[in-house]
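Undergrad: Input file: run_26.txt. Contents: compact mmCIF, C-alpha atoms (C1' of nucleotides).
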# COMPACT_ATOMS: atom_id res chain seq x y z
CA MET A 2 63.09 89.87 -50.83
CA LYS A 3 65.55 89.23 -53.66
CA ASN A 4 68.61 91.42 -54.13
CA ARG A 5 71.45 91.97 -56.55
CA LEU A 6 74.23 92.45 -54.03
CA LYS A 7 76.25 89.46 -55.14
CA VAL A 8 76.23 90.61 -58.77
CA LEU A 9 76.96 94.23 -57.91
CA ARG A 10 79.85 93.06 -55.76
CA ALA A 11 81.16 90.81 -58.51
CA GLU A 12 81.06 93.67 -61.03
CA ARG A 13 83.33 95.60 -58.71
CA ASP A 14 85.39 92.63 -57.58
CA TRP A 15 84.51 93.23 -53.94
CA THR A 16 84.38 90.54 -51.26
CA GLN A 17 81.57 90.38 -48.75
CA ALA A 18 84.03 91.80 -46.23
CA ASP A 19 84.85 94.70 -48.58
CA LEU A 20 81.18 95.56 -48.93
CA ALA A 21 80.60 95.18 -45.19
CA ASP A 22 83.43 97.66 -44.52
CA LYS A 23 82.05 100.21 -46.96
CA LEU A 24 78.59 99.91 -45.43
CA GLU A 25 79.90 99.78 -41.87
CA VAL A 26 78.13 96.56 -41.01
CA SER A 27 79.47 93.12 -40.17
CA ARG A 28 80.47 90.62 -42.84
CA GLN A 29 77.84 88.25 -41.46
CA THR A 30 75.16 90.84 -42.11
CA ILE A 31 76.12 91.03 -45.80
CA ASN A 32 76.21 87.26 -46.02
CA ALA A 33 72.82 86.90 -44.37
CA ILE A 34 71.22 89.49 -46.66
CA GLU A 35 72.75 87.94 -49.78
CA LYS A 36 71.57 84.50 -48.70
CA GLY A 37 68.08 85.88 -48.06
CA LYS A 38 68.12 85.12 -44.34
CA TYR A 39 66.64 88.54 -43.65
CA ASP A 40 66.04 91.90 -45.28
CA PRO A 41 68.17 94.94 -44.49
CA SER A 42 66.69 97.78 -42.48
CA LEU A 43 65.51 100.76 -44.53
CA PRO A 44 68.50 102.89 -43.44
CA LEU A 45 70.88 100.15 -44.54
CA ALA A 46 69.03 99.78 -47.85
CA PHE A 47 69.50 103.53 -48.41
CA LYS A 48 73.19 103.20 -47.64
CA VAL A 49 73.52 100.37 -50.15
CA ALA A 50 71.66 102.41 -52.77
CA ARG A 51 73.93 105.39 -52.22
CA LEU A 52 77.04 103.27 -52.41
CA PHE A 53 76.01 101.74 -55.73
CA GLU A 54 74.48 104.98 -56.92
CA MET A 55 71.16 103.47 -57.95
CA PRO A 56 67.63 103.44 -56.56
CA ILE A 57 66.69 100.94 -53.87
CA GLU A 58 64.25 99.34 -56.30
CA ALA A 59 67.13 98.60 -58.67
CA ILE A 60 68.90 96.57 -55.99
CA PHE A 61 66.16 95.02 -53.87
CA GLU A 62 63.11 93.37 -55.37
CA ASP A 63 60.00 93.08 -53.29
CA GLU A 64 58.01 89.92 -53.87
CA THR A 65 55.11 90.29 -51.45
CA GLU A 66 51.64 89.61 -52.80
CA LEU A 67 49.36 92.39 -53.97
CA GLU A 68 46.33 93.12 -51.83
CA VAL A 69 43.04 91.38 -52.44
CA GLY A 70 41.20 93.89 -50.31
CA MET B 3 64.62 109.47 -41.64
CA LYS B 4 62.08 112.01 -42.82
CA ASN B 5 58.96 110.94 -44.71
CA ARG B 6 56.02 112.43 -46.59
CA LEU B 7 53.32 110.11 -45.26
CA LYS B 8 51.33 112.83 -43.58
CA VAL B 9 51.19 114.90 -46.76
CA LEU B 10 50.45 111.94 -49.01
CA ARG B 11 47.64 110.99 -46.63
CA ALA B 12 46.27 114.52 -46.60
CA GLU B 13 46.26 114.66 -50.40
CA ARG B 14 44.02 111.60 -50.36
CA ASP B 15 42.04 112.56 -47.27
CA TRP B 16 43.05 109.38 -45.47
CA THR B 17 43.30 109.02 -41.70
CA GLN B 18 46.20 107.22 -40.06
CA ALA B 19 43.81 104.33 -39.52
CA ASP B 20 42.87 104.30 -43.22
CA LEU B 21 46.51 104.09 -44.22
CA ALA B 22 47.21 101.45 -41.58
CA ASP B 23 44.38 99.32 -42.97
CA LYS B 24 45.64 99.61 -46.53
CA LEU B 25 49.15 98.67 -45.45
CA GLU B 26 47.95 95.97 -43.05
CA VAL B 27 49.79 97.39 -40.07
CA SER B 28 48.53 98.92 -36.84
CA ARG B 29 47.47 102.53 -36.56
CA GLN B 30 50.20 103.02 -33.95
CA THR B 31 52.82 101.92 -36.44
CA ILE B 32 51.74 104.63 -38.88
CA ASN B 33 51.69 107.20 -36.10
CA ALA B 34 55.14 106.20 -34.90
CA ILE B 35 56.62 106.35 -38.39
CA GLU B 36 55.01 109.73 -39.12
CA LYS B 37 56.29 111.09 -35.82
CA GLY B 38 59.77 109.77 -36.59
CA LYS B 39 59.85 107.38 -33.66
CA TYR B 40 61.31 104.69 -35.90
CA ASP B 41 61.80 103.82 -39.54
CA PRO B 42 59.65 101.25 -41.32
CA SER B 43 61.15 97.91 -42.30
CA LEU B 44 62.22 97.64 -45.94
CA PRO B 45 59.24 95.40 -46.80
CA LEU B 46 56.85 97.95 -45.31
CA ALA B 47 58.60 100.76 -47.18
CA PHE B 48 58.06 98.82 -50.42
CA LYS B 49 54.40 98.37 -49.56
CA VAL B 50 54.05 102.11 -48.95
CA ALA B 51 55.79 102.86 -52.25
CA ARG B 52 53.50 100.52 -54.15
CA LEU B 53 50.42 101.97 -52.51
CA PHE B 54 51.35 105.53 -53.46
CA GLU B 55 52.80 104.42 -56.78
CA MET B 56 56.10 106.20 -56.36
CA PRO B 57 59.69 105.22 -55.57
CA ILE B 58 60.74 104.71 -51.96
CA GLU B 59 63.13 107.65 -52.35
CA ALA B 60 60.17 109.92 -53.19
CA ILE B 61 58.53 109.11 -49.87
CA PHE B 62 61.37 108.50 -47.41
CA GLU B 63 64.39 110.75 -47.18
CA ASP B 64 67.56 109.40 -45.74
CA GLU B 65 69.57 111.87 -43.73
CA THR B 66 72.54 109.82 -42.54
CA GLU B 67 75.96 111.37 -42.96
CA LEU B 68 78.20 110.51 -45.87
CA GLU B 69 81.26 108.44 -45.11
CA VAL B 70 84.54 110.05 -44.21
CA GLY B 71 86.45 106.86 -45.01
C1' DA C 21 28.24 121.41 -23.62
C1' DC C 22 28.28 116.91 -25.46
C1' DT C 23 29.74 113.33 -28.60
C1' DT C 24 32.48 111.46 -31.95
C1' DT C 25 36.53 110.96 -34.62
C1' DA C 26 41.42 111.52 -35.20
C1' DA C 27 45.76 111.76 -33.36
C1' DG C 28 49.19 111.05 -29.70
C1' DT C 29 51.34 108.21 -26.23
C1' DA C 30 52.77 104.31 -23.15
C1' DA C 31 53.81 99.51 -21.58
C1' DA C 32 54.63 94.75 -22.37
C1' DG C 33 55.67 91.27 -25.49
C1' DC C 34 57.10 89.01 -29.75
C1' DA C 35 59.66 89.14 -34.28
C1' DT C 36 63.41 90.81 -36.94
C1' DG C 37 67.99 93.15 -37.82
C1' DC C 38 72.55 93.36 -36.53
C1' DT C 39 76.70 92.41 -33.49
C1' DT C 40 80.81 89.55 -31.92
C1' DG C 41 83.20 85.33 -31.65
C1' DA C 42 83.98 81.05 -33.22
C1' DC C 43 84.29 77.37 -36.33
C1' DA C 44 83.31 74.68 -40.97
C1' DT C 45 83.31 74.61 -45.83
C1' DT C 46 84.51 76.05 -50.38
C1' DT C 47 87.55 78.12 -53.77
C1' DA C 48 91.83 79.78 -55.40
C1' DT C 49 96.59 79.61 -55.56
C1' DA C 50 101.49 78.42 -54.24
C1' DT D 29 98.79 68.83 -51.36
C1' DA D 30 99.03 72.44 -48.41
C1' DT D 31 97.86 77.10 -47.35
C1' DA D 32 95.29 81.13 -47.50
C1' DA D 33 91.23 83.76 -48.72
C1' DA D 34 86.41 83.89 -49.19
C1' DT D 35 82.08 82.26 -47.97
C1' DG D 36 78.79 79.87 -45.01
C1' DT D 37 76.79 79.03 -40.52
C1' DC D 38 75.70 79.00 -35.48
C1' DA D 39 74.77 80.88 -30.84
C1' DA D 40 74.03 84.49 -27.58
C1' DG D 41 72.88 89.05 -26.91
C1' DC D 42 71.32 93.76 -27.77
C1' DA D 43 68.62 97.15 -30.67
C1' DT D 44 64.75 98.12 -33.52
C1' DG D 45 60.09 97.26 -35.70
C1' DC D 46 55.56 96.03 -34.90
C1' DT D 47 51.57 94.21 -32.08
C1' DT D 48 47.69 94.69 -28.67
C1' DT D 49 45.42 97.10 -25.01
C1' DA D 50 44.46 101.09 -23.00
C1' DC D 51 44.27 105.73 -21.94
C1' DT D 52 44.78 110.94 -23.08
C1' DT D 53 44.41 114.97 -25.92
C1' DA D 54 42.81 117.58 -29.82
C1' DA D 55 39.64 118.75 -33.40
C1' DA D 56 35.04 118.80 -35.55
C1' DG D 57 30.24 118.29 -35.71
C1' DT D 58 25.79 118.29 -33.20
Take the structure in this file and express it as structure tokens.

TA:
Amino acid sequence: MKNRLKVLRAERDWTQADLADKLEVSRQTINAIEKGKYDPSLPLAFKVARLFEMPIEAIFEDETELEVG
Amino acid sequence: MKNRLKVLRAERDWTQADLADKLEVSRQTINAIEKGKYDPSLPLAFKVARLFEMPIEAIFEDETELEVG
DNA sequence: ACTTTAAGTAAAGCATGCTTGACATTTATA
DNA sequence: TATAAATGTCAAGCATGCTTTACTTAAAGT
């Protein structure tokens, strides 16, 4: 799953640690999500969306295949 | 986290097993999410949103407190 | 009443999300 | 160049998401 965290941070001049603080997660969690090591949980995705005041879909981009079935 | 899965299913006359099949997860997973036992992962939430053709926020409702900080 | 279908629930196990602590690398700045 | 700030990464451990198997309960149709 792609995400725009790095850009959204840059627009606000926030460090990964800044964002981590605001979201109440560890800095490593932000780093891992930005680097695509794993996806955030849904509750964390909601928190991100609220912080940036935009829909989840405007921040995270799903790239899983469409069904064949 | 509240969700409208049960209603969305009912509108389409789908069983939990039907929905599970369409989402490629187990029936128990659908049951657990509907009963609020846990939240779906973000990828699964995206899959649900695509299936019902509506934004994640129209299906799942976050109810975590706003920051005091 | 019987049968079937749907929904609920539980346990064990594996995969993923997130934590802390520590250390390495990169980037900016004195 | 030296120092500090920001980012990257790893390991161990705990919490959550999801699986399979299996059983129970509820609802619906015969």

Undergrad: Skipping near chain neighbours, those fewer than 4 positions away, what residues fall within 12 Å of DT37 of chain D using only C-alpha atoms (C1' of nucleotides), listed as a count of residues only?

TA: 9

Undergrad: So, counting only C-alpha atoms (C1' of nucleotides), which residue among D:DG36, D:DA50, D:DT29, D:DA43 is closest to chain A?

TA: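 Of the candidates, the smallest distance to chain A is held by D:DG36.
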
Undergrad: Residues of chain B near chain A: apply a cut-off of 8 Å, count all atoms listed in the file, and supply the list as a ChimeraX atom specification.

TA: /B:3,41-45,47-48,57-59,64

Undergrad: Rounded to one decimal, what separation in Å do you get between atom C1' of DG41 of chain D and atom CA of Gln17 of chain A?

TA: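 Calculated distance between atom C1' of DG41 of chain D and atom CA of Gln17 of chain A is 23.5 Å.
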
Undergrad: Tell me which protein, DNA and RNA residues are within 12 Å of Val9 of chain B, counting all atoms listed in the file, leaving out same-chain ones fewer than 6 positions away, and put them as an mmCIF file with C-alpha atoms, keeping the file's coordinate frame.

TA:
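Dumped everything to selection-v5.cif:
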data_model
loop_
_atom_site.group_PDB
_atom_site.id
_atom_site.type_symbol
_atom_site.label_atom_id
_atom_site.label_comp_id
_atom_site.auth_asym_id
_atom_site.auth_seq_id
_atom_site.Cartn_x
_atom_site.Cartn_y
_atom_site.Cartn_z
ATOM 1 C CA ASP B 15 42.040 112.560 -47.270
ATOM 2 C CA TRP B 16 43.050 109.380 -45.470
ATOM 3 C CA THR B 17 43.300 109.020 -41.700
ATOM 4 C CA GLN B 18 46.200 107.220 -40.060
ATOM 5 C CA GLU B 36 55.010 109.730 -39.120
ATOM 6 C CA PHE B 54 51.350 105.530 -53.460
ATOM 7 C CA ILE B 61 58.530 109.110 -49.870
#

Undergrad: Taking all atoms listed in the file into account, name the residue in D:DA40, D:DG45, D:DT58, D:DA30 that is nearest to chain A.

TA: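 Among the listed residues, the smallest separation from chain A belongs to D:DG45.
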
Undergrad: Atom CA of Tyr39 of chain A and atom C1' of DA39 of chain D, how far apart in Å?

TA: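 Going from atom C1' of DA39 of chain D over to atom CA of Tyr39 of chain A covers 17.0 Å.
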
Undergrad: Near chain B, which residues of chain D fall within 10 Å when you count only C-alpha atoms (C1' of nucleotides), and what do they look like as a list of chain:residue names?

TA: D:DT44, D:DG45, D:DC46, D:DT47, D:DT48

Undergrad: Could I get the residues of chain C with an atom no further than 9 Å from an atom of chain A, each paired with its nearest atom pair and that distance in Å to one decimal, using all atoms listed in the file, sorted by chain and residue number, as CSV?

TA:
residue,atom,partner,partner_atom,distance
C:DT36,C1',A:Tyr39,CA,7.8
C:DG37,C1',A:Ser42,CA,6.7
C:DC38,C1',A:Thr30,CA,6.7
C:DT39,C1',A:Ser27,CA,7.3

Undergrad: To one decimal place in Å, what is the distance between atom C1' of DT25 of chain C and atom C1' of DA56 of chain D?

TA: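 Atom-to-atom, atom C1' of DT25 of chain C to atom C1' of DA56 of chain D, that is 8.0 Å.
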
Undergrad: Report as a CSV table (one decimal) with C-alpha atoms (C1' of nucleotides), in the frame of the given file all protein, DNA and RNA residues lying within 10 Å of DT49 of chain C, evaluated on all atoms listed in the file, omitting residues in the same chain fewer than 3 positions from it.

TA:
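Writing the result to around01.csv gives the following:
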chain,number,residue,atom,x,y,z
D,31,DT,C1',97.9,77.1,-47.4
D,32,DA,C1',95.3,81.1,-47.5
D,33,DA,C1',91.2,83.8,-48.7
